[in-house]
Amino acid sequence: MDWSNLYSESPRIILSITVGVGCLLYYFIEVVKRPVLACRNSAWRGFLETHLTILQEKYWPTPWCYESRCQTILASVLRSRMPDITYIRELLEMKDGGQICLDWLHGAGEADKPIVIILPGLTGSSQSEYVKSLVLAVQEVGARCAVFNNRGLGGIKLKTARTYCAANSDDLEEAIEHIKAKYPKAPLIASGISLGGMILGNYLVTRGEQAAQHLVAAMLLSVPWNVFVGTKSVEKPPWNLLLNRHLAYCLCESVKSMRKQLEGNCNWDLDHVMQSKTIREFDSRFTAVQFGFRDVEEYYRTASLHDKLDNIKVPLMCLSAADDPFQPLEGIPVEEANKSSHVAIVVTARGGHIGFMEGIFPTNKYYSDRIYKQLVRGIFSNLGDMKEVKREAADYVKMMAHSCEGGGS
């Protein structure tokens, strides 16, 4: 074939072929990659490598939608096609008079039937599209599932002038203690998505051994580890900032729906709060004030998890994407996980924020759902091995403490 003549006669065809080949090469070289598992050489790492066969595979993001913001937005749109799930609602009164609820996928069942509790993201609830996706994954495993709905969300009436924040896990603590009191023989896994992951992460950090007594394991999905890095990223114009403004709008709408309960409190000006254009502005005017932080910087320092891995005593697996606009790679504590006794972080090259679409024609199944299902099935099918994982991790902590004491003397 005379390419010079073809080019002179049909330059657009040659250009299209060249661009297409270039895109394919970029996809196969830069996009399709095996996930990185950040975890020290331990029983926990061995458990994950044995039972999560997905970690040995390459993640193939949807070829026509692998850009981070496209993954983030389109995955949400496609998941929204899922029908609502019928739950059994259980209202829980908190010690301070507030109210949250647990939406159960199944009824009581056997006393020792495994349970998974799921914490939604920023303004999410049990009917949020990404939550339903994980709930159905739990259903396939055959476990019970309870979705934790924060105060004022999921159709719950706000009963006090307090809502929720990433740095406070008091409500979660009460909910977990309620579940364990009700089903003391049932093994329990906790999982949190985005802000729900931050609440769960702070529960694991602040409760330490107490959390280890209640939970077999935990999982975090697309969690903003370092809030300062995440905030800087999501404030970059134009596209990240548009996502930021959309979420700030959702937060303001959420407060608007609770205005009657929140009005009259002298600590904040709701009209000023409702004018927030970014998440940082909202947190500065409302969240930090409501929970008694000096300023938004103190709130973000308290909420961040990247420098607190040593306080976690529950075997924890986390799934993050290196291109997450809410938490880019530089904010993910990969090196810390490589030294941690209890934390493993799986990092994919692509996936966006709670995206993780895969295949040419995305369905209701996503990479995050598959890895979640393998984790839940692996843990509940091998509870004896999980005891060994906890024991080995605890021994490692003791050994490191003795090593530090010896070095200090």
# chains A, B, ... in the order shown; residues from 1 in each chain; ligands from 1
$ residues_around --residues "region 387-398 of chain A" --least-positions-apart "3" --cutoff "8 Å" --atoms "only C-alpha atoms" --output "mmCIF file with N, CA, C and O atoms, in the first residue's frame"
data_model
loop_
_atom_site.group_PDB
_atom_site.id
_atom_site.type_symbol
_atom_site.label_atom_id
_atom_site.label_comp_id
_atom_site.auth_asym_id
_atom_site.auth_seq_id
_atom_site.Cartn_x
_atom_site.Cartn_y
_atom_site.Cartn_z
ATOM 1 N N SER A 42 3.320 -10.092 56.142
ATOM 2 C CA SER A 42 2.624 -10.477 57.366
ATOM 3 C C SER A 42 1.553 -11.507 57.060
ATOM 4 O O SER A 42 1.273 -11.836 55.903
ATOM 5 N N ALA A 43 0.926 -12.008 58.121
ATOM 6 C CA ALA A 43 -0.192 -12.937 57.961
ATOM 7 C C ALA A 43 -1.352 -12.257 57.240
ATOM 8 O O ALA A 43 -2.061 -12.891 56.451
ATOM 9 N N TRP A 44 -1.570 -10.958 57.488
ATOM 10 C CA TRP A 44 -2.650 -10.223 56.850
ATOM 11 C C TRP A 44 -2.406 -10.099 55.348
ATOM 12 O O TRP A 44 -3.303 -10.312 54.540
ATOM 13 N N PHE A 47 -2.980 -13.459 53.816
ATOM 14 C CA PHE A 47 -4.416 -13.751 53.741
ATOM 15 C C PHE A 47 -5.028 -13.076 52.520
ATOM 16 O O PHE A 47 -5.787 -13.700 51.762
ATOM 17 N N LYS A 313 -6.073 -1.305 65.342
ATOM 18 C CA LYS A 313 -5.845 -2.659 65.845
ATOM 19 C C LYS A 313 -6.740 -3.703 65.170
ATOM 20 O O LYS A 313 -6.748 -4.860 65.574
ATOM 21 N N VAL A 314 -7.502 -3.283 64.164
ATOM 22 C CA VAL A 314 -8.394 -4.179 63.419
ATOM 23 C C VAL A 314 -7.792 -4.414 62.040
ATOM 24 O O VAL A 314 -7.385 -3.443 61.381
ATOM 25 N N PRO A 315 -7.716 -5.649 61.564
ATOM 26 C CA PRO A 315 -7.234 -5.880 60.192
ATOM 27 C C PRO A 315 -8.077 -5.060 59.207
ATOM 28 O O PRO A 315 -9.292 -5.214 59.123
ATOM 29 N N SER A 341 1.082 -2.759 61.146
ATOM 30 C CA SER A 341 0.760 -4.097 61.646
ATOM 31 C C SER A 341 -0.614 -4.562 61.197
ATOM 32 O O SER A 341 -0.867 -5.761 61.094
ATOM 33 N N HIS A 342 -1.534 -3.622 60.927
ATOM 34 C CA HIS A 342 -2.922 -4.007 60.667
ATOM 35 C C HIS A 342 -3.512 -3.468 59.369
ATOM 36 O O HIS A 342 -4.616 -3.871 58.999
ATOM 37 N N LEU A 383 -12.696 -17.617 59.374
ATOM 38 C CA LEU A 383 -12.626 -16.885 60.629
ATOM 39 C C LEU A 383 -11.478 -17.368 61.510
ATOM 40 O O LEU A 383 -10.898 -16.582 62.264
ATOM 41 N N GLY A 384 -11.144 -18.653 61.406
ATOM 42 C CA GLY A 384 -9.999 -19.165 62.167
ATOM 43 C C GLY A 384 -8.705 -18.513 61.715
ATOM 44 O O GLY A 384 -7.851 -18.162 62.548
ATOM 45 N N ALA A 401 7.347 -2.450 69.875
ATOM 46 C CA ALA A 401 7.412 -1.632 71.098
ATOM 47 C C ALA A 401 8.651 -1.975 71.912
ATOM 48 O O ALA A 401 9.340 -1.079 72.412
ATOM 49 N N HIS A 402 8.962 -3.273 72.046
ATOM 50 C CA HIS A 402 10.153 -3.699 72.769
ATOM 51 C C HIS A 402 11.414 -3.211 72.067
ATOM 52 O O HIS A 402 12.380 -2.812 72.694
#
$ residues_around --residues "region 273-283 of chain A" --least-positions-apart "5" --cutoff "9 Å" --atoms "only C-alpha atoms" --output "ChimeraX atom specification"
/A:231,235,241,244-249,251-253,255-256,268,288-289,295-296,299
$ write_last_selection --atoms "C-alpha atoms" --output "compact mmCIF listing (two decimals), in the first residue's frame"
# COMPACT_ATOMS: atom_id res chain seq x y z
CA THR A 231 -8.91 19.63 49.66
CA GLU A 235 -10.16 23.01 44.68
CA LEU A 241 -13.61 22.65 41.45
CA ASN A 244 -16.31 20.47 44.77
CA ARG A 245 -19.07 23.01 44.17
CA HIS A 246 -21.59 20.28 43.40
CA LEU A 247 -20.87 18.56 46.73
CA ALA A 248 -20.97 21.90 48.57
CA TYR A 249 -24.41 22.47 47.02
CA LEU A 251 -24.32 19.83 51.74
CA CYS A 252 -26.19 23.14 51.74
CA GLU A 253 -29.35 21.43 50.50
CA VAL A 255 -28.74 21.64 55.89
CA LYS A 256 -31.69 23.38 54.26
CA TRP A 268 -23.47 29.54 63.42
CA ALA A 288 -15.96 22.86 62.54
CA VAL A 289 -18.15 25.24 64.54
CA ASP A 295 -11.05 26.30 62.98
CA VAL A 296 -11.36 24.18 59.86
CA TYR A 299 -11.00 19.80 62.13
$ residues_around --residues "Arg45 (chain A)" --least-positions-apart "5" --cutoff "12 Å" --atoms "only C-alpha atoms" --output "list in words"
Leu37, Ala38, Cys39, Arg40, Thr50, His51, Leu52, Leu55, Pro315, Leu316, Met317, Ala337, Asn338, Lys339, Ser340, Ser341, His342, Val343, Ala344, Ile345, Val346, Met386, Val389, Lys390, Glu392 and Ala393 of chain A
$ write_last_selection --atoms "C-alpha atoms" --output "JSON list (two decimals), in the first residue's frame"
[["chain", "number", "residue", "atom", "x", "y", "z"],
["A", 37, "LEU", "CA", -0.71, -3.86, 47.51],
["A", 38, "ALA", "CA", 0.90, -1.78, 50.24],
["A", 39, "CYS", "CA", 1.27, -3.98, 53.32],
["A", 40, "ARG", "CA", 4.19, -5.38, 55.29],
["A", 50, "THR", "CA", -4.58, -15.96, 49.05],
["A", 51, "HIS", "CA", -8.25, -15.02, 49.15],
["A", 52, "LEU", "CA", -8.36, -11.95, 46.91],
["A", 55, "LEU", "CA", -5.17, -8.71, 43.21],
["A", 315, "PRO", "CA", -7.23, -5.88, 60.19],
["A", 316, "LEU", "CA", -8.08, -3.21, 57.64],
["A", 317, "MET", "CA", -8.07, -3.30, 53.83],
["A", 337, "ALA", "CA", 0.99, 0.86, 55.18],
["A", 338, "ASN", "CA", 4.15, -1.00, 54.19],
["A", 339, "LYS", "CA", 5.20, -0.77, 57.85],
["A", 340, "SER", "CA", 1.79, -1.14, 59.49],
["A", 341, "SER", "CA", 0.76, -4.10, 61.65],
["A", 342, "HIS", "CA", -2.92, -4.01, 60.67],
["A", 343, "VAL", "CA", -3.43, -1.87, 57.53],
["A", 344, "ALA", "CA", -3.24, -2.91, 53.88],
["A", 345, "ILE", "CA", -3.89, -0.45, 51.05],
["A", 346, "VAL", "CA", -4.71, -1.55, 47.50],
["A", 386, "MET", "CA", -8.49, -14.17, 60.89],
["A", 389, "VAL", "CA", -3.98, -12.61, 61.50],
["A", 390, "LYS", "CA", -4.97, -10.63, 64.61],
["A", 392, "GLU", "CA", 0.37, -12.14, 64.50],
["A", 393, "ALA", "CA", -0.34, -8.42, 64.09]]
$ residues_around --residues "Ala161 (chain A)" --least-positions-apart "6" --cutoff "9 Å" --atoms "only C-alpha atoms" --output "short mmCIF file (atom, residue, chain, number, x, y, z; two decimals) with N, CA and C atoms, in the first residue's frame"
data_model
loop_
_atom_site.label_atom_id
_atom_site.label_comp_id
_atom_site.auth_asym_id
_atom_site.auth_seq_id
_atom_site.Cartn_x
_atom_site.Cartn_y
_atom_site.Cartn_z
N GLY A 98 -30.18 12.25 70.09
CA GLY A 98 -30.22 12.21 68.63
C GLY A 98 -30.69 10.86 68.13
N MET A 258 -32.85 20.52 57.09
CA MET A 258 -32.86 20.40 58.55
C MET A 258 -32.94 21.77 59.23
N GLN A 261 -34.59 22.47 62.69
CA GLN A 261 -33.91 21.97 63.88
C GLN A 261 -32.62 22.74 64.16
N LEU A 262 -32.02 23.32 63.13
CA LEU A 262 -30.71 23.97 63.29
C LEU A 262 -30.81 25.46 63.51
N GLU A 263 -31.96 26.07 63.21
CA GLU A 263 -32.13 27.51 63.36
C GLU A 263 -32.10 27.92 64.82
N ASN A 265 -29.56 28.48 66.67
CA ASN A 265 -28.32 28.17 67.37
C ASN A 265 -27.35 29.33 67.17
N GLN A 290 -19.80 23.46 64.68
CA GLN A 290 -20.75 22.58 65.35
C GLN A 290 -20.06 21.60 66.29
#
